[in-house]
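Structure below is upload.pdb: PDB, C-alpha atoms and all ligand atoms.
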```pdb
MODEL        1
ATOM      1  CA  MET A 193      96.656 181.427  76.422  1.00  0.00           C
ATOM      2  CA  THR A 194      93.646 181.276  78.723  1.00  0.00           C
ATOM      3  CA  LEU A 195      92.601 179.671  81.964  1.00  0.00           C
ATOM      4  CA  VAL A 196      88.991 178.755  82.735  1.00  0.00           C
ATOM      5  CA  ILE A 197      88.016 179.930  86.209  1.00  0.00           C
ATOM      6  CA  ASN A 198      84.431 179.627  87.420  1.00  0.00           C
ATOM      7  CA  GLY A 199      83.356 179.065  83.825  1.00  0.00           C
ATOM      8  CA  ARG A 200      84.997 182.265  82.618  1.00  0.00           C
ATOM      9  CA  ASN A 201      87.967 182.452  80.268  1.00  0.00           C
ATOM     10  CA  VAL A 202      90.810 184.415  81.827  1.00  0.00           C
ATOM     11  CA  ARG A 203      93.472 185.641  79.434  1.00  0.00           C
ATOM     12  CA  LEU A 204      97.012 185.091  80.716  1.00  0.00           C
ATOM     13  CA  THR A 205     100.093 187.176  80.103  1.00  0.00           C
ATOM     14  CA  ALA A 206     103.420 185.501  79.398  1.00  0.00           C
ATOM     15  CA  GLY A 207     104.590 185.848  82.994  1.00  0.00           C
ATOM     16  CA  ASP A 208     101.418 184.481  84.562  1.00  0.00           C
ATOM     17  CA  ARG A 209     102.326 180.840  83.943  1.00  0.00           C
ATOM     18  CA  ARG A 210     105.137 181.024  86.488  1.00  0.00           C
ATOM     19  CA  LYS A 211     103.036 182.603  89.211  1.00  0.00           C
ATOM     20  CA  ASN A 212     101.840 180.821  92.303  1.00  0.00           C
ATOM     21  CA  LEU A 213      98.175 180.003  91.737  1.00  0.00           C
ATOM     22  CA  LEU A 214      96.973 181.321  95.102  1.00  0.00           C
ATOM     23  CA  THR A 215      98.785 184.612  94.616  1.00  0.00           C
ATOM     24  CA  PHE A 216      97.454 184.881  91.062  1.00  0.00           C
ATOM     25  CA  LEU A 217      93.862 184.273  92.173  1.00  0.00           C
ATOM     26  CA  ARG A 218      94.000 186.670  95.094  1.00  0.00           C
ATOM     27  CA  GLU A 219      96.179 189.470  93.769  1.00  0.00           C
ATOM     28  CA  ASP A 220      95.643 189.449  90.014  1.00  0.00           C
ATOM     29  CA  LEU A 221      92.018 188.321  89.787  1.00  0.00           C
ATOM     30  CA  ASP A 222      90.767 189.630  93.153  1.00  0.00           C
ATOM     31  CA  LEU A 223      89.326 186.201  93.961  1.00  0.00           C
ATOM     32  CA  THR A 224      90.142 186.399  97.640  1.00  0.00           C
ATOM     33  CA  GLY A 225      87.984 183.529  98.898  1.00  0.00           C
ATOM     34  CA  ALA A 226      90.891 181.098  98.887  1.00  0.00           C
ATOM     35  CA  LYS A 227      93.039 181.919 101.907  1.00  0.00           C
ATOM     36  CA  ARG A 228      96.729 181.620 102.648  1.00  0.00           C
ATOM     37  CA  GLY A 229      97.148 179.678 105.877  1.00  0.00           C
ATOM     38  CA  CYS A 230     100.243 177.542 106.177  1.00  0.00           C
ATOM     39  CA  GLY A 231     101.481 178.214 102.647  1.00  0.00           C
ATOM     40  CA  ILE A 232     103.029 174.749 102.491  1.00  0.00           C
ATOM     41  CA  GLY A 233     100.158 172.509 101.450  1.00  0.00           C
ATOM     42  CA  ILE A 234      99.033 171.331 104.881  1.00  0.00           C
ATOM     43  CA  CYS A 235      96.029 173.305 106.164  1.00  0.00           C
ATOM     44  CA  GLY A 236      93.665 173.393 103.167  1.00  0.00           C
ATOM     45  CA  ALA A 237      92.681 177.058 103.556  1.00  0.00           C
ATOM     46  CA  CYS A 238      93.775 177.699  99.966  1.00  0.00           C
ATOM     47  CA  THR A 239      91.780 174.835  98.449  1.00  0.00           C
ATOM     48  CA  VAL A 240      90.247 175.340  95.014  1.00  0.00           C
ATOM     49  CA  LEU A 241      88.889 172.702  92.653  1.00  0.00           C
ATOM     50  CA  ALA A 242      90.465 171.635  89.379  1.00  0.00           C
ATOM     51  CA  ASP A 243      87.999 169.583  87.361  1.00  0.00           C
ATOM     52  CA  ASN A 244      86.097 169.147  90.637  1.00  0.00           C
ATOM     53  CA  ARG A 245      89.098 167.745  92.496  1.00  0.00           C
ATOM     54  CA  PRO A 246      90.560 169.619  95.477  1.00  0.00           C
ATOM     55  CA  LEU A 247      93.857 171.340  94.832  1.00  0.00           C
ATOM     56  CA  ARG A 248      96.092 173.291  97.197  1.00  0.00           C
ATOM     57  CA  ALA A 249      96.559 176.580  95.384  1.00  0.00           C
ATOM     58  CA  CYS A 250      99.440 177.657  97.644  1.00  0.00           C
ATOM     59  CA  HIS A 251     101.450 174.781  96.283  1.00  0.00           C
ATOM     60  CA  THR A 252     100.534 175.061  92.621  1.00  0.00           C
ATOM     61  CA  LEU A 253     101.760 177.091  89.685  1.00  0.00           C
ATOM     62  CA  VAL A 254      99.360 178.607  87.193  1.00  0.00           C
ATOM     63  CA  ALA A 255     101.131 176.522  84.535  1.00  0.00           C
ATOM     64  CA  ASP A 256     100.073 173.361  86.364  1.00  0.00           C
ATOM     65  CA  VAL A 257      96.362 174.025  85.832  1.00  0.00           C
ATOM     66  CA  LEU A 258      96.319 175.127  82.216  1.00  0.00           C
ATOM     67  CA  GLY A 259      93.551 173.270  80.404  1.00  0.00           C
ATOM     68  CA  ARG A 260      91.728 172.356  83.610  1.00  0.00           C
ATOM     69  CA  GLY A 261      88.487 173.887  84.818  1.00  0.00           C
ATOM     70  CA  LEU A 262      89.044 175.755  88.067  1.00  0.00           C
ATOM     71  CA  THR A 263      86.366 176.491  90.635  1.00  0.00           C
ATOM     72  CA  THR A 264      86.926 178.870  93.502  1.00  0.00           C
ATOM     73  CA  ILE A 265      84.466 179.531  96.287  1.00  0.00           C
ATOM     74  CA  GLU A 266      83.272 182.575  94.331  1.00  0.00           C
ATOM     75  CA  GLY A 267      82.077 180.176  91.629  1.00  0.00           C
ATOM     76  CA  LEU A 268      79.926 178.021  93.876  1.00  0.00           C
ATOM     77  CA  ALA A 269      77.136 180.500  94.577  1.00  0.00           C
ATOM     78  CA  ALA A 270      74.438 181.187  92.000  1.00  0.00           C
ATOM     79  CA  PRO A 271      75.013 184.063  89.550  1.00  0.00           C
ATOM     80  CA  ASP A 272      72.518 186.159  91.517  1.00  0.00           C
ATOM     81  CA  GLY A 273      74.586 185.637  94.666  1.00  0.00           C
ATOM     82  CA  GLY A 274      72.281 183.035  96.197  1.00  0.00           C
ATOM     83  CA  LEU A 275      74.213 180.607  98.336  1.00  0.00           C
ATOM     84  CA  HIS A 276      74.816 177.052  97.157  1.00  0.00           C
ATOM     85  CA  PRO A 277      72.906 174.544  99.341  1.00  0.00           C
ATOM     86  CA  LEU A 278      76.173 173.399 100.901  1.00  0.00           C
ATOM     87  CA  GLN A 279      77.095 176.969 101.791  1.00  0.00           C
ATOM     88  CA  GLN A 280      73.616 177.472 103.220  1.00  0.00           C
ATOM     89  CA  ALA A 281      74.006 174.305 105.289  1.00  0.00           C
ATOM     90  CA  PHE A 282      77.231 175.717 106.755  1.00  0.00           C
ATOM     91  CA  VAL A 283      75.391 178.929 107.671  1.00  0.00           C
ATOM     92  CA  ASP A 284      72.321 177.166 109.046  1.00  0.00           C
ATOM     93  CA  GLY A 285      74.405 174.690 111.023  1.00  0.00           C
ATOM     94  CA  GLY A 286      76.702 177.233 112.653  1.00  0.00           C
ATOM     95  CA  ALA A 287      79.670 175.603 110.898  1.00  0.00           C
ATOM     96  CA  ILE A 288      81.520 178.909 110.565  1.00  0.00           C
ATOM     97  CA  GLN A 289      83.259 180.897 113.249  1.00  0.00           C
ATOM     98  CA  CYS A 290      86.149 183.063 112.019  1.00  0.00           C
ATOM     99  CA  GLY A 291      85.530 181.744 108.495  1.00  0.00           C
ATOM    100  CA  TYR A 292      89.171 181.468 107.503  1.00  0.00           C
ATOM    101  CA  CYS A 293      88.978 177.766 106.737  1.00  0.00           C
ATOM    102  CA  THR A 294      85.456 177.878 105.344  1.00  0.00           C
ATOM    103  CA  PRO A 295      86.072 178.324 101.596  1.00  0.00           C
ATOM    104  CA  GLY A 296      88.484 175.409 101.603  1.00  0.00           C
ATOM    105  CA  MET A 297      86.183 173.305 103.759  1.00  0.00           C
ATOM    106  CA  VAL A 298      83.181 173.980 101.539  1.00  0.00           C
ATOM    107  CA  LEU A 299      85.017 173.224  98.303  1.00  0.00           C
ATOM    108  CA  THR A 300      86.588 170.072  99.721  1.00  0.00           C
ATOM    109  CA  ALA A 301      83.172 168.905 100.920  1.00  0.00           C
ATOM    110  CA  HIS A 302      81.584 169.849  97.601  1.00  0.00           C
ATOM    111  CA  ALA A 303      84.052 167.697  95.674  1.00  0.00           C
ATOM    112  CA  PHE A 304      83.405 164.853  98.120  1.00  0.00           C
ATOM    113  CA  LEU A 305      79.612 165.086  97.868  1.00  0.00           C
ATOM    114  CA  LEU A 306      79.725 165.132  94.076  1.00  0.00           C
ATOM    115  CA  LYS A 307      81.290 161.662  94.273  1.00  0.00           C
ATOM    116  CA  HIS A 308      79.611 160.458  97.467  1.00  0.00           C
ATOM    117  CA  PRO A 309      76.135 161.963  97.620  1.00  0.00           C
ATOM    118  CA  ASP A 310      74.903 159.707 100.419  1.00  0.00           C
ATOM    119  CA  PRO A 311      77.757 159.621 102.929  1.00  0.00           C
ATOM    120  CA  THR A 312      77.832 158.248 106.412  1.00  0.00           C
ATOM    121  CA  ARG A 313      78.855 160.656 109.138  1.00  0.00           C
ATOM    122  CA  GLN A 314      82.201 158.880 109.357  1.00  0.00           C
ATOM    123  CA  GLU A 315      82.782 159.324 105.615  1.00  0.00           C
ATOM    124  CA  ALA A 316      81.856 162.990 105.893  1.00  0.00           C
ATOM    125  CA  ARG A 317      84.322 163.350 108.765  1.00  0.00           C
ATOM    126  CA  ARG A 318      87.088 161.727 106.745  1.00  0.00           C
ATOM    127  CA  SER A 319      86.371 163.925 103.722  1.00  0.00           C
ATOM    128  CA  ILE A 320      87.638 167.007 105.547  1.00  0.00           C
ATOM    129  CA  GLY A 321      90.402 165.189 107.377  1.00  0.00           C
ATOM    130  CA  SER A 322      93.071 167.207 105.584  1.00  0.00           C
ATOM    131  CA  ASN A 323      91.480 170.600 106.229  1.00  0.00           C
ATOM    132  CA  LEU A 324      92.330 172.323 109.486  1.00  0.00           C
ATOM    133  CA  CYS A 325      89.937 174.507 111.458  1.00  0.00           C
ATOM    134  CA  ARG A 326      91.077 176.302 114.587  1.00  0.00           C
ATOM    135  CA  CYS A 327      87.607 177.354 115.716  1.00  0.00           C
ATOM    136  CA  THR A 328      84.588 175.138 115.270  1.00  0.00           C
ATOM    137  CA  GLY A 329      85.597 171.813 116.747  1.00  0.00           C
ATOM    138  CA  TYR A 330      84.547 170.234 113.433  1.00  0.00           C
ATOM    139  CA  GLN A 331      81.228 168.758 114.592  1.00  0.00           C
ATOM    140  CA  GLN A 332      79.074 171.469 113.006  1.00  0.00           C
ATOM    141  CA  ILE A 333      81.069 171.214 109.768  1.00  0.00           C
ATOM    142  CA  ILE A 334      80.411 167.491 109.598  1.00  0.00           C
ATOM    143  CA  ASP A 335      76.750 168.115 110.425  1.00  0.00           C
ATOM    144  CA  ALA A 336      76.531 170.632 107.561  1.00  0.00           C
ATOM    145  CA  ILE A 337      78.050 168.214 105.059  1.00  0.00           C
ATOM    146  CA  VAL A 338      75.591 165.495 106.037  1.00  0.00           C
ATOM    147  CA  ALA A 339      72.694 167.966 105.963  1.00  0.00           C
ATOM    148  CA  ALA A 340      73.575 169.118 102.449  1.00  0.00           C
ATOM    149  CA  ALA A 341      74.010 165.623 101.027  1.00  0.00           C
ATOM    150  CA  PRO A 342      70.391 165.268  99.777  1.00  0.00           C
ATOM    151  CA  HIS A 343      71.010 168.165  97.416  1.00  0.00           C
ATOM    152  CA  TYR A 344      73.617 166.037  95.648  1.00  0.00           C
ATOM    153  CA  GLN A 345      71.385 163.007  95.240  1.00  0.00           C
ATOM    154  CA  LYS A 346      69.791 162.658  91.830  1.00  0.00           C
TER
HETATM  155  S1  LIG A 401      97.665 177.647 102.662  1.00  0.00           S
HETATM  156 FE1  LIG A 401      97.658 176.078 101.213  1.00  0.00          FE
HETATM  157  S2  LIG A 401      97.489 174.264 102.348  1.00  0.00           S
HETATM  158 FE2  LIG A 401      97.693 175.829 103.851  1.00  0.00          FE
HETATM  159  S1  LIG A 402      86.039 178.721 111.352  1.00  0.00           S
HETATM  160 FE1  LIG A 402      87.905 179.616 112.026  1.00  0.00          FE
HETATM  161  S2  LIG A 402      89.442 178.349 111.177  1.00  0.00           S
HETATM  162 FE2  LIG A 402      87.597 177.319 110.769  1.00  0.00          FE
ENDMDL
END
```

Can you dump the structure from the file as structure tokens?
Ligand code: FES
Ligand code: FES
Amino acid sequence: MTLVINGRNVRLTAGDRRKNLLTFLREDLDLTGAKRGCGIGICGACTVLADNRPLRACHTLVADVLGRGLTTIEGLAAPDGGLHPLQQAFVDGGAIQCGYCTPGMVLTAHAFLLKHPDPTRQEARRSIGSNLCRCTGYQQIIDAIVAAAPHYQK
């Protein structure tokens, strides 16, 4: 039994299926980009993508994502460590302060831009409406999403 995470097959043990996905990612696989904030599916700090759709890992069992392709923030950068254009836009735009929300914000925005590569500012704002940030005031995050959009346009 395997799980595909960031394009890599991860072999599961019998007990892994019943584990909380966020705990499994962070403690078993050392993929610590996804953060535990509220732990009850509200803040979005734990967001990962399943088949390019945002998923709250704190609220998900490993068994629930078998057969789906998972992407964590560690999988968004290039293999050589170069930042994805959306990550770079967050850096360039000052869209990060403490950084706790950032992996979830970036992955949520990435999923949005894959479907909506030419968003209005209002659409960009709505795309992260379910992700909470205690630091930035959101404006720079929205700016970064809009700035990165051309990279998603074919
Ligand atoms: S930690 Fe999962 S939604 Fe807040
Ligand atoms: S940058 Fe601190 S919570 Fe968003």

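Residues within 12 Å of A:Thr205, counting only C-alpha atoms and excluding same-chain residues fewer than 6 positions away, are Met193, Thr194, Leu195, Lys211, Phe216, Asp220, Val254 and Ala255 of chain A.
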
Output C-alpha atoms for every residue in that selection, as an mmCIF file, keeping the file's coordinate frame.
```cif
data_model
loop_
_atom_site.group_PDB
_atom_site.id
_atom_site.type_symbol
_atom_site.label_atom_id
_atom_site.label_comp_id
_atom_site.auth_asym_id
_atom_site.auth_seq_id
_atom_site.Cartn_x
_atom_site.Cartn_y
_atom_site.Cartn_z
ATOM 1 C CA MET A 193 96.656 181.427 76.422
ATOM 2 C CA THR A 194 93.646 181.276 78.723
ATOM 3 C CA LEU A 195 92.601 179.671 81.964
ATOM 4 C CA LYS A 211 103.036 182.603 89.211
ATOM 5 C CA PHE A 216 97.454 184.881 91.062
ATOM 6 C CA ASP A 220 95.643 189.449 90.014
ATOM 7 C CA VAL A 254 99.360 178.607 87.193
ATOM 8 C CA ALA A 255 101.131 176.522 84.535
#
```

What are the closest atom pairs, with distances in Å to one decimal, for all residues of chain A lying within 12 Å of ligand LIG 402 (chain A)? Consider all atoms listed in the file, order rows by chain and residue number, and present the result as a Markdown table.
```
| residue | atom | partner | partner_atom | distance |
| --- | --- | --- | --- | --- |
| A:Lys227 | CA | A:LIG402 | S2 | 10.6 |
| A:Arg228 | CA | A:LIG402 | S2 | 11.7 |
| A:Gly229 | CA | A:LIG402 | S2 | 9.4 |
| A:Cys230 | CA | A:LIG402 | S2 | 11.9 |
| A:Cys235 | CA | A:LIG402 | S2 | 9.7 |
| A:Gly236 | CA | A:LIG402 | S2 | 10.3 |
| A:Ala237 | CA | A:LIG402 | S2 | 8.4 |
| A:Phe282 | CA | A:LIG402 | S1 | 10.4 |
| A:Val283 | CA | A:LIG402 | S1 | 11.3 |
| A:Gly286 | CA | A:LIG402 | S1 | 9.5 |
| A:Ala287 | CA | A:LIG402 | S1 | 7.1 |
| A:Ile288 | CA | A:LIG402 | S1 | 4.6 |
| A:Gln289 | CA | A:LIG402 | S1 | 4.0 |
| A:Cys290 | CA | A:LIG402 | FE1 | 3.9 |
| A:Gly291 | CA | A:LIG402 | S1 | 4.2 |
| A:Tyr292 | CA | A:LIG402 | S2 | 4.8 |
| A:Cys293 | CA | A:LIG402 | FE2 | 4.3 |
| A:Thr294 | CA | A:LIG402 | FE2 | 5.9 |
| A:Pro295 | CA | A:LIG402 | FE2 | 9.4 |
| A:Gly296 | CA | A:LIG402 | FE2 | 9.4 |
| A:Met297 | CA | A:LIG402 | FE2 | 8.2 |
| A:Val298 | CA | A:LIG402 | FE2 | 10.8 |
| A:Ile320 | CA | A:LIG402 | FE2 | 11.6 |
| A:Asn323 | CA | A:LIG402 | FE2 | 9.0 |
| A:Leu324 | CA | A:LIG402 | S2 | 6.9 |
| A:Cys325 | CA | A:LIG402 | FE2 | 3.7 |
| A:Arg326 | CA | A:LIG402 | S2 | 4.3 |
| A:Cys327 | CA | A:LIG402 | FE1 | 4.3 |
| A:Thr328 | CA | A:LIG402 | S1 | 5.5 |
| A:Gly329 | CA | A:LIG402 | FE2 | 8.4 |
| A:Tyr330 | CA | A:LIG402 | FE2 | 8.2 |
| A:Gln331 | CA | A:LIG402 | FE2 | 11.3 |
| A:Gln332 | CA | A:LIG402 | S1 | 10.2 |
| A:Ile333 | CA | A:LIG402 | FE2 | 9.0 |
```

Among the residues A:Val240, A:Leu258, A:Leu221, A:Leu253, the one that comes closest to A:Val196 [using only C-alpha atoms]: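 Using only C-alpha atoms, A:Val196 sits closest to A:Leu258.
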
For atom CA of A:Leu247 and atom CA of A:Gly273, the interatomic separation in Å (one decimal):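 About the pair atom CA of A:Leu247 and atom CA of A:Gly273: they are 24.0 Å apart.
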
Grab all the atoms of ligand LIG 401 (chain A) that the file lists, wrap them in a box along x, y and z, add 4 Å per side, and give me centre plus edge lengths in Å (one decimal) as AutoDock Vina command-line options.
```
--center_x 97.6 --center_y 176.0 --center_z 102.5 --size_x 8.2 --size_y 11.4 --size_z 10.6
```

Top pick for closest residue to A:Cys238, considering A:Leu299, A:Ala281, A:Ile197, A:Ala341 and counting all atoms listed in the file: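 Among the listed residues, the smallest separation from A:Cys238 belongs to A:Leu299.
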
Between atom CA of A:His302 and atom CA of A:Leu278, distance in Å (one decimal): 7.3 Å

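Atom CA of A:Val338 sits 29.0 Å away from atom CA of A:Gly231.
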
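Closest approach to A:Ile232 from the set A:Thr252, A:Gln279, A:Asn244, A:Thr312 is made by A:Thr252, with distances taken over all atoms listed in the file.
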
Residues within 8 Å of (83.7, 179.2, 86.3), counting only C-alpha atoms, listed as a PyMOL selection string: chain A and resi 196-200+261-264+267

Shortest interatomic distance to A:Gly285 - which of A:Ala226, A:Gln314, A:Ile334, A:Pro342, counting all atoms listed in the file: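 Selected residue with least distance to A:Gly285: A:Ile334.
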
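Using only C-alpha atoms, the nearest neighbour of A:Cys250 within the list A:Asn212, A:Gln280, A:Thr224, A:Asn201 is A:Asn212.
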
Completed stretch 272-287 of chain A (N, CA, C and O atoms) as a PDB file, keeping the file's coordinate frame:
```
ATOM      1  N   ASP A 272      73.180 185.040  90.820  1.00  0.00           N
ATOM      2  CA  ASP A 272      72.518 186.159  91.517  1.00  0.00           C
ATOM      3  C   ASP A 272      73.016 186.320  92.956  1.00  0.00           C
ATOM      4  O   ASP A 272      72.483 187.127  93.719  1.00  0.00           O
ATOM      5  N   GLY A 273      74.019 185.517  93.329  1.00  0.00           N
ATOM      6  CA  GLY A 273      74.586 185.637  94.666  1.00  0.00           C
ATOM      7  C   GLY A 273      73.960 184.702  95.679  1.00  0.00           C
ATOM      8  O   GLY A 273      74.419 184.635  96.818  1.00  0.00           O
ATOM      9  N   GLY A 274      72.904 183.987  95.275  1.00  0.00           N
ATOM     10  CA  GLY A 274      72.281 183.035  96.197  1.00  0.00           C
ATOM     11  C   GLY A 274      73.260 181.939  96.588  1.00  0.00           C
ATOM     12  O   GLY A 274      74.002 181.431  95.742  1.00  0.00           O
ATOM     13  N   LEU A 275      73.255 181.599  97.855  1.00  0.00           N
ATOM     14  CA  LEU A 275      74.213 180.607  98.336  1.00  0.00           C
ATOM     15  C   LEU A 275      73.902 179.219  97.768  1.00  0.00           C
ATOM     16  O   LEU A 275      72.736 178.849  97.594  1.00  0.00           O
ATOM     17  N   HIS A 276      74.950 178.468  97.502  1.00  0.00           N
ATOM     18  CA  HIS A 276      74.816 177.052  97.157  1.00  0.00           C
ATOM     19  C   HIS A 276      74.252 176.324  98.387  1.00  0.00           C
ATOM     20  O   HIS A 276      74.528 176.734  99.523  1.00  0.00           O
ATOM     21  N   PRO A 277      73.473 175.252  98.190  1.00  0.00           N
ATOM     22  CA  PRO A 277      72.906 174.544  99.341  1.00  0.00           C
ATOM     23  C   PRO A 277      73.948 174.109 100.382  1.00  0.00           C
ATOM     24  O   PRO A 277      73.644 174.100 101.584  1.00  0.00           O
ATOM     25  N   LEU A 278      75.136 173.786  99.936  1.00  0.00           N
ATOM     26  CA  LEU A 278      76.173 173.399 100.901  1.00  0.00           C
ATOM     27  C   LEU A 278      76.617 174.621 101.712  1.00  0.00           C
ATOM     28  O   LEU A 278      76.811 174.523 102.935  1.00  0.00           O
ATOM     29  N   GLN A 279      76.760 175.748 101.054  1.00  0.00           N
ATOM     30  CA  GLN A 279      77.095 176.969 101.791  1.00  0.00           C
ATOM     31  C   GLN A 279      75.983 177.312 102.789  1.00  0.00           C
ATOM     32  O   GLN A 279      76.250 177.686 103.936  1.00  0.00           O
ATOM     33  N   GLN A 280      74.744 177.161 102.342  1.00  0.00           N
ATOM     34  CA  GLN A 280      73.616 177.472 103.220  1.00  0.00           C
ATOM     35  C   GLN A 280      73.603 176.531 104.420  1.00  0.00           C
ATOM     36  O   GLN A 280      73.283 176.944 105.543  1.00  0.00           O
ATOM     37  N   ALA A 281      73.964 175.261 104.178  1.00  0.00           N
ATOM     38  CA  ALA A 281      74.006 174.305 105.289  1.00  0.00           C
ATOM     39  C   ALA A 281      75.076 174.708 106.309  1.00  0.00           C
ATOM     40  O   ALA A 281      74.881 174.547 107.517  1.00  0.00           O
ATOM     41  N   PHE A 282      76.200 175.233 105.839  1.00  0.00           N
ATOM     42  CA  PHE A 282      77.231 175.717 106.755  1.00  0.00           C
ATOM     43  C   PHE A 282      76.673 176.876 107.597  1.00  0.00           C
ATOM     44  O   PHE A 282      76.907 176.947 108.807  1.00  0.00           O
ATOM     45  N   VAL A 283      75.956 177.783 106.948  1.00  0.00           N
ATOM     46  CA  VAL A 283      75.391 178.929 107.671  1.00  0.00           C
ATOM     47  C   VAL A 283      74.354 178.432 108.676  1.00  0.00           C
ATOM     48  O   VAL A 283      74.392 178.772 109.865  1.00  0.00           O
ATOM     49  N   ASP A 284      73.424 177.614 108.190  1.00  0.00           N
ATOM     50  CA  ASP A 284      72.321 177.166 109.046  1.00  0.00           C
ATOM     51  C   ASP A 284      72.829 176.335 110.219  1.00  0.00           C
ATOM     52  O   ASP A 284      72.228 176.352 111.303  1.00  0.00           O
ATOM     53  N   GLY A 285      73.916 175.585 109.987  1.00  0.00           N
ATOM     54  CA  GLY A 285      74.405 174.690 111.023  1.00  0.00           C
ATOM     55  C   GLY A 285      75.424 175.320 111.956  1.00  0.00           C
ATOM     56  O   GLY A 285      75.985 174.633 112.814  1.00  0.00           O
ATOM     57  N   GLY A 286      75.708 176.598 111.783  1.00  0.00           N
ATOM     58  CA  GLY A 286      76.702 177.233 112.653  1.00  0.00           C
ATOM     59  C   GLY A 286      78.087 176.637 112.452  1.00  0.00           C
ATOM     60  O   GLY A 286      78.876 176.527 113.388  1.00  0.00           O
ATOM     61  N   ALA A 287      78.401 176.268 111.192  1.00  0.00           N
ATOM     62  CA  ALA A 287      79.670 175.603 110.898  1.00  0.00           C
ATOM     63  C   ALA A 287      80.782 176.594 110.575  1.00  0.00           C
ATOM     64  O   ALA A 287      81.827 176.208 110.054  1.00  0.00           O
TER      65      ALA A 287
END
```
